[in-house]
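Participant: What follows is query.txt; its format and atoms are compact mmCIF, C-alpha atoms and all ligand atoms.
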```
# COMPACT_ATOMS: atom_id res chain seq x y z
CA MET Z 198 -4.36 18.83 16.68
CA ASN Z 199 -2.76 18.42 20.10
CA LEU Z 200 0.50 20.07 21.21
CA PHE Z 201 2.60 16.95 20.85
CA ASN Z 202 1.46 16.44 17.24
CA THR Z 203 2.03 20.10 16.41
CA PHE Z 204 5.55 19.83 17.82
CA ILE Z 205 6.28 16.69 15.78
CA MET Z 206 4.92 18.26 12.58
CA LYS Z 207 7.13 21.32 12.98
CA ALA Z 208 10.24 19.72 14.39
CA VAL Z 209 10.79 16.44 12.69
CA SER Z 210 12.21 17.48 9.32
CA HIS Z 211 14.65 19.87 11.07
CA LEU Z 212 16.01 17.24 13.42
CA PRO Z 213 19.26 15.47 12.59
CA LYS Z 214 18.67 12.15 10.85
CA TRP Z 215 20.03 10.11 13.77
CA PHE Z 216 17.51 11.75 16.11
CA ALA Z 217 14.55 11.42 13.78
CA THR Z 218 15.35 7.80 12.97
CA PRO Z 219 13.42 6.10 15.78
CA PHE Z 220 10.32 8.16 14.96
CA ALA Z 221 10.59 7.74 11.25
CA LYS Z 222 12.03 4.30 10.67
CA PRO Z 223 9.90 1.60 12.34
CA TYR Z 224 7.70 1.49 9.26
CA VAL Z 225 10.55 0.70 6.89
CA ALA Z 226 11.91 -2.84 6.47
CA GLY Z 227 15.54 -1.83 6.01
CA GLU Z 228 17.70 -0.03 3.49
CA THR Z 229 18.86 -3.07 1.53
CA THR Z 230 17.08 -5.80 -0.43
CA GLN Z 231 18.64 -8.40 1.88
CA GLU Z 232 17.12 -6.77 4.98
CA ALA Z 233 13.73 -6.49 3.29
CA LEU Z 234 13.75 -10.11 2.12
CA LYS Z 235 14.69 -11.25 5.61
CA ASN Z 236 11.70 -9.33 6.99
CA VAL Z 237 9.43 -10.89 4.36
CA SER Z 238 10.70 -14.34 5.25
CA LYS Z 239 9.92 -13.70 8.95
CA LEU Z 240 6.42 -12.49 8.03
CA ASN Z 241 5.83 -15.56 5.85
CA GLN Z 242 6.87 -17.81 8.73
CA LYS Z 243 4.16 -16.17 10.82
CA GLY Z 244 1.58 -16.86 8.11
CA PHE Z 245 1.49 -13.43 6.46
CA ARG Z 246 1.68 -12.76 2.76
CA ALA Z 247 3.79 -9.75 1.80
CA THR Z 248 4.26 -7.17 -0.92
CA LEU Z 249 7.56 -5.36 -1.37
CA ASP Z 250 7.83 -1.71 -2.33
CA ILE Z 251 11.09 0.11 -3.08
CA LEU Z 252 10.74 3.53 -1.48
CA GLY Z 253 10.76 6.57 -3.69
CA GLU Z 254 8.49 8.53 -6.00
CA HIS Z 255 8.32 11.43 -8.46
CA VAL Z 256 11.53 10.50 -10.24
CA LEU Z 257 12.61 12.98 -12.90
CA SER Z 258 15.65 11.18 -14.30
CA SER Z 259 15.16 8.51 -16.98
CA ASN Z 260 18.27 6.66 -15.87
CA PHE Z 261 17.06 6.58 -12.30
CA ALA Z 262 13.62 5.30 -13.39
CA LYS Z 263 15.32 2.57 -15.45
CA ASN Z 264 17.51 1.65 -12.50
CA ILE Z 265 14.46 1.27 -10.26
CA THR Z 266 12.78 -0.80 -12.97
CA ASN Z 267 15.79 -3.14 -13.05
CA GLN Z 268 15.75 -3.38 -9.27
CA TYR Z 269 12.09 -4.43 -9.37
CA CYS Z 270 12.83 -7.04 -12.06
CA ASN Z 271 15.69 -8.44 -9.97
CA LEU Z 272 13.48 -8.44 -6.91
CA TYR Z 273 11.04 -10.82 -8.58
CA LYS Z 274 13.96 -13.19 -9.22
CA GLN Z 275 15.10 -13.00 -5.58
CA ILE Z 276 11.54 -13.60 -4.33
CA SER Z 277 11.33 -16.61 -6.61
CA ASP Z 278 14.76 -17.96 -5.62
CA GLU Z 279 13.91 -17.66 -1.93
CA LYS Z 280 10.42 -19.10 -2.51
CA LEU Z 281 8.76 -16.26 -0.62
CA ASN Z 282 5.03 -15.60 -0.53
CA CYS Z 283 5.48 -12.07 -1.74
CA THR Z 284 4.33 -9.83 -4.57
CA ILE Z 285 5.58 -6.39 -5.63
CA SER Z 286 3.95 -2.95 -5.42
CA VAL Z 287 5.15 -0.15 -7.69
CA LYS Z 288 4.45 3.57 -7.72
CA PRO Z 289 4.12 4.76 -11.34
CA SER Z 290 5.93 8.03 -10.57
CA HIS Z 291 8.89 6.00 -9.28
CA ILE Z 292 9.40 4.45 -12.71
CA GLY Z 293 8.92 7.58 -14.77
CA LEU Z 294 5.30 8.75 -14.88
CA ASN Z 295 6.36 12.30 -14.00
CA ILE Z 296 8.78 12.20 -16.95
CA SER Z 297 6.28 10.89 -19.49
CA TYR Z 298 3.51 8.36 -19.84
CA SER Z 299 5.45 6.42 -22.47
CA GLU Z 300 8.51 6.11 -20.25
CA ALA Z 301 6.44 4.77 -17.34
CA LEU Z 302 4.64 2.38 -19.70
CA GLN Z 303 7.89 1.04 -21.13
CA ASN Z 304 9.24 0.41 -17.62
CA LEU Z 305 6.01 -1.06 -16.27
CA LYS Z 306 5.84 -3.41 -19.24
CA LEU Z 307 9.29 -4.75 -18.34
CA ILE Z 308 8.21 -5.31 -14.74
CA SER Z 309 4.93 -6.91 -15.88
CA GLN Z 310 6.81 -9.27 -18.18
CA ARG Z 311 9.10 -10.31 -15.33
CA ALA Z 312 6.06 -10.86 -13.06
CA LYS Z 313 4.55 -13.07 -15.74
CA ASP Z 314 7.78 -15.01 -16.39
CA LEU Z 315 8.18 -15.76 -12.69
CA ASN Z 316 4.49 -16.41 -12.08
CA ASN Z 317 4.14 -13.55 -9.62
CA PHE Z 318 1.72 -10.64 -9.25
CA LEU Z 319 2.21 -6.90 -9.79
CA ARG Z 320 0.30 -4.26 -7.82
CA ILE Z 321 0.25 -0.69 -9.04
CA ASP Z 322 -0.04 1.77 -6.15
CA MET Z 323 -2.36 4.73 -6.64
CA GLU Z 324 -0.77 8.16 -6.15
CA ASN Z 325 -2.29 11.65 -6.22
CA SER Z 326 -5.42 12.28 -8.26
CA LEU Z 327 -3.52 14.00 -11.09
CA LEU Z 328 -2.12 10.55 -11.92
CA THR Z 329 -5.29 8.46 -11.53
CA ASP Z 330 -6.36 8.32 -15.20
CA GLN Z 331 -2.84 7.53 -16.39
CA THR Z 332 -2.46 4.86 -13.72
CA PHE Z 333 -5.62 3.05 -14.89
CA LYS Z 334 -4.36 3.38 -18.47
CA LEU Z 335 -1.04 1.79 -17.47
CA LEU Z 336 -2.95 -1.05 -15.82
CA ASN Z 337 -5.05 -1.68 -18.90
CA GLU Z 338 -2.06 -1.63 -21.25
CA CYS Z 339 -0.02 -4.00 -19.07
CA LYS Z 340 -2.94 -6.43 -18.82
CA SER Z 341 -2.01 -7.53 -22.34
CA ILE Z 342 1.26 -8.82 -20.85
CA THR Z 343 -0.04 -10.44 -17.68
CA LYS Z 344 -3.42 -10.96 -16.07
CA ASN Z 345 -1.66 -11.10 -12.71
CA ILE Z 346 -1.75 -7.37 -12.26
CA GLY Z 347 -3.89 -5.08 -10.14
CA VAL Z 348 -4.24 -1.54 -8.96
CA ALA Z 349 -5.17 0.37 -5.81
CA VAL Z 350 -8.34 2.45 -5.52
CA GLN Z 351 -8.79 5.23 -3.01
CA ALA Z 352 -12.07 5.42 -1.10
CA TYR Z 353 -11.66 9.17 -0.49
CA LEU Z 354 -11.98 9.98 -4.20
CA PHE Z 355 -15.51 10.73 -5.44
CA ARG Z 356 -14.65 9.00 -8.72
CA SER Z 357 -13.50 5.65 -7.30
CA LEU Z 358 -16.85 3.90 -7.07
CA ASN Z 359 -17.58 4.79 -10.66
CA ASP Z 360 -14.07 3.67 -11.69
CA VAL Z 361 -14.66 0.28 -10.09
CA ASN Z 362 -18.15 -0.01 -11.55
CA THR Z 363 -16.72 0.73 -14.98
CA LEU Z 364 -13.45 -1.21 -14.89
CA ALA Z 365 -14.06 -4.22 -12.67
CA ASP Z 366 -14.73 -7.72 -13.94
CA SER Z 367 -13.83 -11.20 -12.79
CA GLU Z 368 -10.16 -10.57 -13.64
CA PHE Z 369 -9.97 -7.21 -11.88
CA ASN Z 370 -7.87 -7.15 -8.73
CA ALA Z 371 -8.01 -4.04 -6.56
CA ARG Z 372 -6.53 -2.95 -3.29
CA ILE Z 373 -9.03 -0.64 -1.59
CA CYS Z 374 -7.44 1.97 0.68
CA LYS Z 375 -8.74 5.22 2.13
CA GLY Z 376 -6.08 7.32 0.33
CA ILE Z 377 -3.04 9.11 1.71
CA TYR Z 378 -2.52 12.22 -0.42
CA LYS Z 379 -3.77 15.73 0.24
CA GLU Z 380 -6.69 16.12 -2.16
CA ASN Z 381 -8.95 19.05 -2.91
CA SER Z 382 -12.50 18.89 -1.57
CA SER Z 383 -13.71 19.18 -5.17
CA VAL Z 384 -12.47 15.64 -5.86
CA ALA Z 385 -12.38 13.89 -2.49
CA PHE Z 386 -14.39 13.25 0.64
CA ASN Z 387 -12.93 14.83 3.78
CA ASP Z 388 -15.25 13.31 6.29
CA ARG Z 389 -13.99 10.06 7.84
CA LEU Z 390 -17.45 8.49 7.83
CA ASP Z 391 -18.00 9.32 4.16
CA ILE Z 392 -14.65 7.72 3.33
CA LYS Z 393 -15.50 4.61 5.33
CA ASN Z 394 -18.92 4.33 3.71
CA ASN Z 395 -17.38 4.67 0.27
CA PHE Z 396 -14.80 2.00 1.17
CA MET Z 397 -17.69 -0.38 1.92
CA LEU Z 398 -19.53 0.55 -1.29
CA ILE Z 399 -16.39 -0.15 -3.33
CA ALA Z 400 -15.88 -3.47 -1.50
CA LYS Z 401 -19.47 -4.46 -2.32
CA SER Z 402 -19.13 -3.42 -5.94
CA LEU Z 403 -15.97 -5.53 -6.32
CA VAL Z 404 -17.75 -8.59 -4.96
CA ALA Z 405 -20.72 -8.00 -7.26
CA LYS Z 406 -18.32 -7.85 -10.22
CA GLY Z 407 -16.55 -11.08 -9.21
CA SER Z 408 -13.25 -9.26 -8.64
CA PHE Z 409 -10.58 -9.90 -6.02
CA ALA Z 410 -10.14 -7.25 -3.31
CA GLY Z 411 -7.41 -6.35 -0.85
CA TYR Z 412 -8.89 -4.49 2.12
CA ALA Z 413 -5.99 -2.20 3.06
CA THR Z 414 -6.76 -0.57 6.37
CA HIS Z 415 -5.68 -0.35 10.01
CA ASP Z 416 -9.08 0.96 11.03
CA GLN Z 417 -10.34 -1.71 13.42
CA GLU Z 418 -13.95 -0.53 13.18
CA LEU Z 419 -13.81 -0.78 9.44
CA ILE Z 420 -12.29 -4.26 9.73
CA ASP Z 421 -15.21 -5.20 12.04
CA GLU Z 422 -17.69 -3.85 9.51
CA LEU Z 423 -16.00 -5.75 6.68
CA ILE Z 424 -16.02 -9.00 8.66
CA ASN Z 425 -19.70 -8.59 9.55
CA TRP Z 426 -20.58 -8.07 5.94
CA ILE Z 427 -18.30 -10.91 4.74
CA GLN Z 428 -19.93 -13.32 7.20
CA THR Z 429 -23.49 -12.19 6.50
CA GLU Z 430 -23.02 -12.41 2.75
CA LYS Z 431 -20.85 -15.55 3.00
CA ILE Z 432 -18.17 -14.05 0.77
CA PRO Z 433 -15.66 -16.83 -0.04
CA LYS Z 434 -12.29 -16.26 1.64
CA GLU Z 435 -10.42 -16.69 -1.67
CA ARG Z 436 -12.04 -13.52 -2.98
CA PHE Z 437 -10.29 -11.08 -0.65
CA GLU Z 438 -7.46 -10.48 1.77
CA PHE Z 439 -6.69 -7.95 4.47
CA GLN Z 440 -3.66 -5.71 4.02
CA THR Z 441 -1.72 -3.49 6.41
CA LEU Z 442 1.52 -1.53 6.41
CA PHE Z 443 4.70 -3.00 7.90
CA GLY Z 444 5.22 -1.99 11.51
CA VAL Z 445 1.82 -0.44 12.24
CA PRO Z 446 0.70 -1.74 15.65
CA MET Z 447 -2.52 -3.74 15.34
CA ASP Z 448 -2.76 -5.15 18.88
CA GLY Z 449 -2.85 -8.79 17.81
CA ARG Z 450 -5.72 -8.29 15.35
CA LEU Z 451 -3.76 -9.58 12.37
CA GLU Z 452 -2.86 -12.83 14.14
CA GLU Z 453 -6.54 -13.19 15.08
CA LEU Z 454 -7.53 -12.76 11.44
CA ILE Z 455 -5.03 -15.41 10.38
CA ASN Z 456 -6.30 -17.79 13.08
CA GLU Z 457 -9.81 -17.26 11.75
CA GLY Z 458 -8.60 -18.38 8.32
CA TYR Z 459 -8.38 -14.98 6.63
CA ALA Z 460 -5.45 -14.05 4.42
CA VAL Z 461 -3.39 -11.04 5.54
CA ARG Z 462 -0.78 -9.32 3.41
CA ILE Z 463 1.77 -6.88 4.80
CA TYR Z 464 3.01 -4.02 2.62
CA VAL Z 465 6.77 -3.90 3.18
CA PRO Z 466 8.51 -0.69 2.04
CA PHE Z 467 12.28 -0.58 2.01
CA GLY Z 468 15.26 1.18 0.44
CA PRO Z 469 17.74 3.97 0.97
CA ASP Z 470 15.09 6.62 0.33
CA TRP Z 471 13.31 5.82 3.60
CA PHE Z 472 13.92 9.14 5.31
CA ASP Z 473 11.87 11.53 3.18
CA TYR Z 474 9.09 8.96 2.85
CA SER Z 475 8.91 8.41 6.59
CA ILE Z 476 9.00 12.09 7.40
CA ARG Z 477 6.13 12.69 4.99
CA ARG Z 478 4.13 9.84 6.55
CA LEU Z 479 4.92 11.26 9.97
CA LYS Z 480 3.69 14.70 8.98
CA GLU Z 481 0.56 13.16 7.51
CA ASN Z 482 0.01 11.16 10.67
CA PRO Z 483 1.88 12.61 13.67
CA ASP Z 484 0.20 9.93 15.79
CA ILE Z 485 2.97 7.63 14.50
CA ALA Z 486 5.39 9.38 16.86
CA LYS Z 487 3.09 8.51 19.75
CA TYR Z 488 3.19 4.84 18.78
CA VAL Z 489 6.98 4.96 18.73
CA MET Z 490 7.08 6.59 22.15
CA LYS Z 491 4.62 4.00 23.43
CA ASN Z 492 6.77 1.18 22.02
CA PHE Z 493 9.88 2.69 23.65
CA PHE Z 494 8.21 2.58 27.03
CA LYS Z 495 6.69 -0.86 26.44
CA ASN Z 496 10.07 -2.30 25.49
CA GLY Z 497 12.08 -0.38 28.03
C1 LIG T 1 -1.41 -2.13 2.43
C2 LIG T 1 -1.68 -0.69 2.20
C3 LIG T 1 -1.46 -0.14 0.96
C4 LIG T 1 -1.74 1.20 0.72
N1 LIG T 1 -1.61 1.70 -0.55
C5 LIG T 1 -1.99 2.96 -0.79
C6 LIG T 1 -2.01 3.47 -2.12
O1 LIG T 1 -1.68 2.80 -3.09
N2 LIG T 1 -2.41 4.76 -2.29
C7 LIG T 1 -2.80 5.54 -1.24
O2 LIG T 1 -3.19 6.70 -1.46
N3 LIG T 1 -2.78 5.08 0.02
C8 LIG T 1 -2.39 3.82 0.26
N4 LIG T 1 -2.41 3.36 1.55
C9 LIG T 1 -2.62 4.31 2.68
C10 LIG T 1 -4.08 4.41 3.02
O3 LIG T 1 -4.74 5.07 1.96
C11 LIG T 1 -4.32 5.20 4.30
O4 LIG T 1 -3.87 6.49 4.19
C12 LIG T 1 -3.69 4.63 5.54
O5 LIG T 1 -3.70 3.24 5.50
C13 LIG T 1 -4.44 5.09 6.77
O6 LIG T 1 -5.80 4.74 6.65
P1 LIG T 1 -6.50 3.59 7.50
O7 LIG T 1 -7.49 2.89 6.61
O8 LIG T 1 -5.48 2.72 8.10
O9 LIG T 1 -7.41 4.36 8.50
P2 LIG T 1 -7.10 5.54 9.53
O10 LIG T 1 -8.45 5.90 10.04
O11 LIG T 1 -6.26 6.60 8.94
O12 LIG T 1 -6.29 4.81 10.61
C14 LIG T 1 -6.91 3.90 11.48
C15 LIG T 1 -6.03 3.78 12.68
O13 LIG T 1 -4.87 3.02 12.28
C16 LIG T 1 -3.74 3.59 12.90
N5 LIG T 1 -2.80 3.97 11.84
C17 LIG T 1 -3.09 4.25 10.56
N6 LIG T 1 -1.96 4.50 9.85
C18 LIG T 1 -0.95 4.36 10.73
C19 LIG T 1 0.43 4.47 10.63
N7 LIG T 1 1.04 4.75 9.47
N8 LIG T 1 1.17 4.27 11.75
C20 LIG T 1 0.60 3.96 12.91
N9 LIG T 1 -0.72 3.83 13.06
C21 LIG T 1 -1.49 4.02 12.00
C22 LIG T 1 -4.23 4.73 13.75
O14 LIG T 1 -4.56 4.19 15.04
C23 LIG T 1 -5.53 5.11 13.16
O15 LIG T 1 -6.38 5.69 14.09
C24 LIG T 1 -2.18 2.01 1.80
C25 LIG T 1 -2.40 1.46 3.06
C26 LIG T 1 -2.18 0.13 3.27
C27 LIG T 1 -2.47 -0.44 4.60
```
Take the structure in this file and express it as structure tokens.
Facilitator:
Amino acid sequence: MNLFNTFIMKAVSHLPKWFATPFAKPYVAGETTQEALKNVSKLNQKGFRATLDILGEHVLSSNFAKNITNQYCNLYKQISDEKLNCTISVKPSHIGLNISYSEALQNLKLISQRAKDLNNFLRIDMENSLLTDQTFKLLNECKSITKNIGVAVQAYLFRSLNDVNTLADSEFNARICKGIYKENSSVAFNDRLDIKNNFMLIAKSLVAKGSFAGYATHDQELIDELINWIQTEKIPKERFEFQTLFGVPMDGRLEELINEGYAVRIYVPFGPDWFDYSIRRLKENPDIAKYVMKNFFKNG
């Protein structure tokens, strides 16, 4: 790790919030629902699909988990009222999975029912590997409420290819991502190439099973590899979409994808709990600070 990154890793959580804000905040679409919906509307106008995520995780209060559940239910209504092309992504630990499985299930069922009533889709984010089994169980239980529900799978986990081979069918809908959590080498690949190869294997398995896939990555080489494969195998464009995180610079690649007729969805996190989330992301990827610095100089 270079000196700049080491400095950022050590310094950022000790800096006052106002100072850390420019480094931490470009990846968050605002603190309020109104700000987030405005950002989604702008993305839609540019041809992007979106998915909204209320920031937060590992909630230990039942009331708080219920409150977040209500916020998600209301969000579906606002998306519907404003006719936005936007789904919702939920972290199970944000709606109670660290309290108990049954609490998370009860809350996720409410959100699933609202998704069904308003003809929208629900994505369940995948968190650390201690929660993987329970997350798939939540998915399977909520499928009895709506078929418009999907999960994320992490290419860095050894188990993911087998999970997809076991669970996927023509109704399965998975976001494939590399995985963001610190995982032990007994359960996860560490090597970037291994992770990329596994990403491709999972993508191929999902196509073989007739499932829908979201390719969630900023890795331009991986996007190239996916496109090569998609074109060679003539994978229909309705069977997949590309996904990226709000605010990550992609040097015009997303617009190119849209111009080539591919669907692109932007993951749009928002909410008052942006600070801790952003600081964690920044520690996981201190390169973010470099992008912010670069943008300062570009804009200045
Ligand atoms: C839509 C979406 C949903 C996700 N959902 C989940 C989930 O449910 N569970 C989970 O564990 N992980 C999730 N992730 C995170 C994912 O697992 C990766 O950790 C993250 O996307 C970085 O991996 P990458 O594929 O972009 O490749 P990397 O090789 O890590 O990054 C490729 C390049 O993209 C750039 N880049 C990547 N991330 C950033 C960033 N934040 N800011 C600026 N530049 C960046 C850098 O130039 C980097 O070199 C999601 C990611 C996306 C895009």
Participant: Skipping near chain neighbours, those fewer than 2 positions away, what residues fall within 9 Å of range 445-458 of chain Z using all atoms listed in the file, listed as a count of residues only?
Facilitator: 16
Participant: Counting only C-alpha atoms, what is within 12 Å of Gln231 in chain Z, bar same-chain residues fewer than 3 positions away, as a ChimeraX atom specification?
Facilitator: /Z:226-228,234-238,249,272,275-276,279,467-468
Participant: Mind writing the picked residues with C-alpha atoms as a tab-separated table (two decimals), in the frame of the given file?
Facilitator:
```
chain	number	residue	atom	x	y	z
Z	226	ALA	CA	11.91	-2.84	6.47
Z	227	GLY	CA	15.54	-1.83	6.01
Z	228	GLU	CA	17.70	-0.03	3.49
Z	234	LEU	CA	13.75	-10.11	2.12
Z	235	LYS	CA	14.69	-11.25	5.61
Z	236	ASN	CA	11.70	-9.33	6.99
Z	237	VAL	CA	9.43	-10.89	4.36
Z	238	SER	CA	10.70	-14.34	5.25
Z	249	LEU	CA	7.56	-5.36	-1.37
Z	272	LEU	CA	13.48	-8.44	-6.91
Z	275	GLN	CA	15.10	-13.00	-5.58
Z	276	ILE	CA	11.54	-13.60	-4.33
Z	279	GLU	CA	13.91	-17.66	-1.93
Z	467	PHE	CA	12.28	-0.58	2.01
Z	468	GLY	CA	15.26	1.18	0.44
```
Participant: Residues within 9 Å of ligand LIG 1 (chain T), counting all atoms listed in the file: report them as a ChimeraX atom specification.
Facilitator: /Z:224,248,286-288,320-325,348-353,372-378,389,393,411-419,439-447,462-465,478-479,481-489
Participant: Pick from Z:Ile392, Z:Leu257, Z:Leu319, Z:Ile308: nearest to Gly293 in chain Z, with all atoms listed in the file counted?
Facilitator: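 Looking only at the distances to Gly293 in chain Z, the closest residue turns out to be Z:Leu257.
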Participant: Grab the CA of Asn267 in chain Z to CA of Glu438 in chain Z distance for me, in Å with one decimal place.
Facilitator: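 CA of Glu438 in chain Z lies at a distance of 28.5 Å from CA of Asn267 in chain Z.
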Participant: Let me make sure I understand: among Z:His291, Z:Arg356, Z:Lys280, Z:Lys340, which one has the smallest atom-to-atom distance to Ala385 in chain Z if we use only C-alpha atoms?
Facilitator: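 Answer, going by the shortest atom-to-atom distance: Z:Arg356.
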Participant: Take CA of Phe355 in chain Z and CA of Leu302 in chain Z and report the distance between them in Å, one decimal.
Facilitator: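 These atoms are spaced 26.1 Å apart.
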Participant: Please report the interatomic distance between CA of Ile342 in chain Z and CA of Asp314 in chain Z in Å with one decimal.
Facilitator: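 Rounded to one decimal, the two atoms are 10.0 Å apart.
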Participant: Restricting the calculation to only C-alpha atoms, which member of Z:Thr230, Z:Thr332, Z:Ser367, Z:Ser290 is positioned closest to Asn271 in chain Z?
Facilitator: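 Checking each candidate against Asn271 in chain Z, we get Z:Thr230 as the closest.
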Participant: For a quick check of understanding, using all atoms listed in the file, which of Z:Val404, Z:Leu315, Z:Ala247, Z:Val384 has the smallest distance to Asn370 in chain Z?
Facilitator: Z:Val404
Participant: Let me make sure I understand: among Z:Asn387, Z:Gln331, Z:Ser408, Z:Ser382, which one has the smallest atom-to-atom distance to Phe369 in chain Z if we use all atoms listed in the file?
Facilitator: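 Once distances to Phe369 in chain Z are computed over all atoms listed in the file, the minimum belongs to Z:Ser408.
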Participant: Which one of Z:Leu240, Z:Val361, Z:Leu423, Z:Ile292 sits closest to Ser258 in chain Z if you count only C-alpha atoms?
Facilitator: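 Nearest candidate to Ser258 in chain Z out of Z:Leu240, Z:Val361, Z:Leu423, Z:Ile292: Z:Ile292.
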Participant: What would the list of residues within 7 Å of (7.7, -9.1, -8.8) (file frame) look like as a ChimeraX atom specification, if all atoms listed in the file are what count?
Facilitator: /Z:269-270,272-273,284-285,311-312,317-319
Participant: Do a neighbour search on Glu338 in chain Z at 12 Å with only C-alpha atoms, toss out local chain neighbours closer than 2 positions, and write the hits as a PyMOL selection string.
Facilitator: chain Z and resi 298-299+301-303+305-306+309+331-336+340-344+346-347
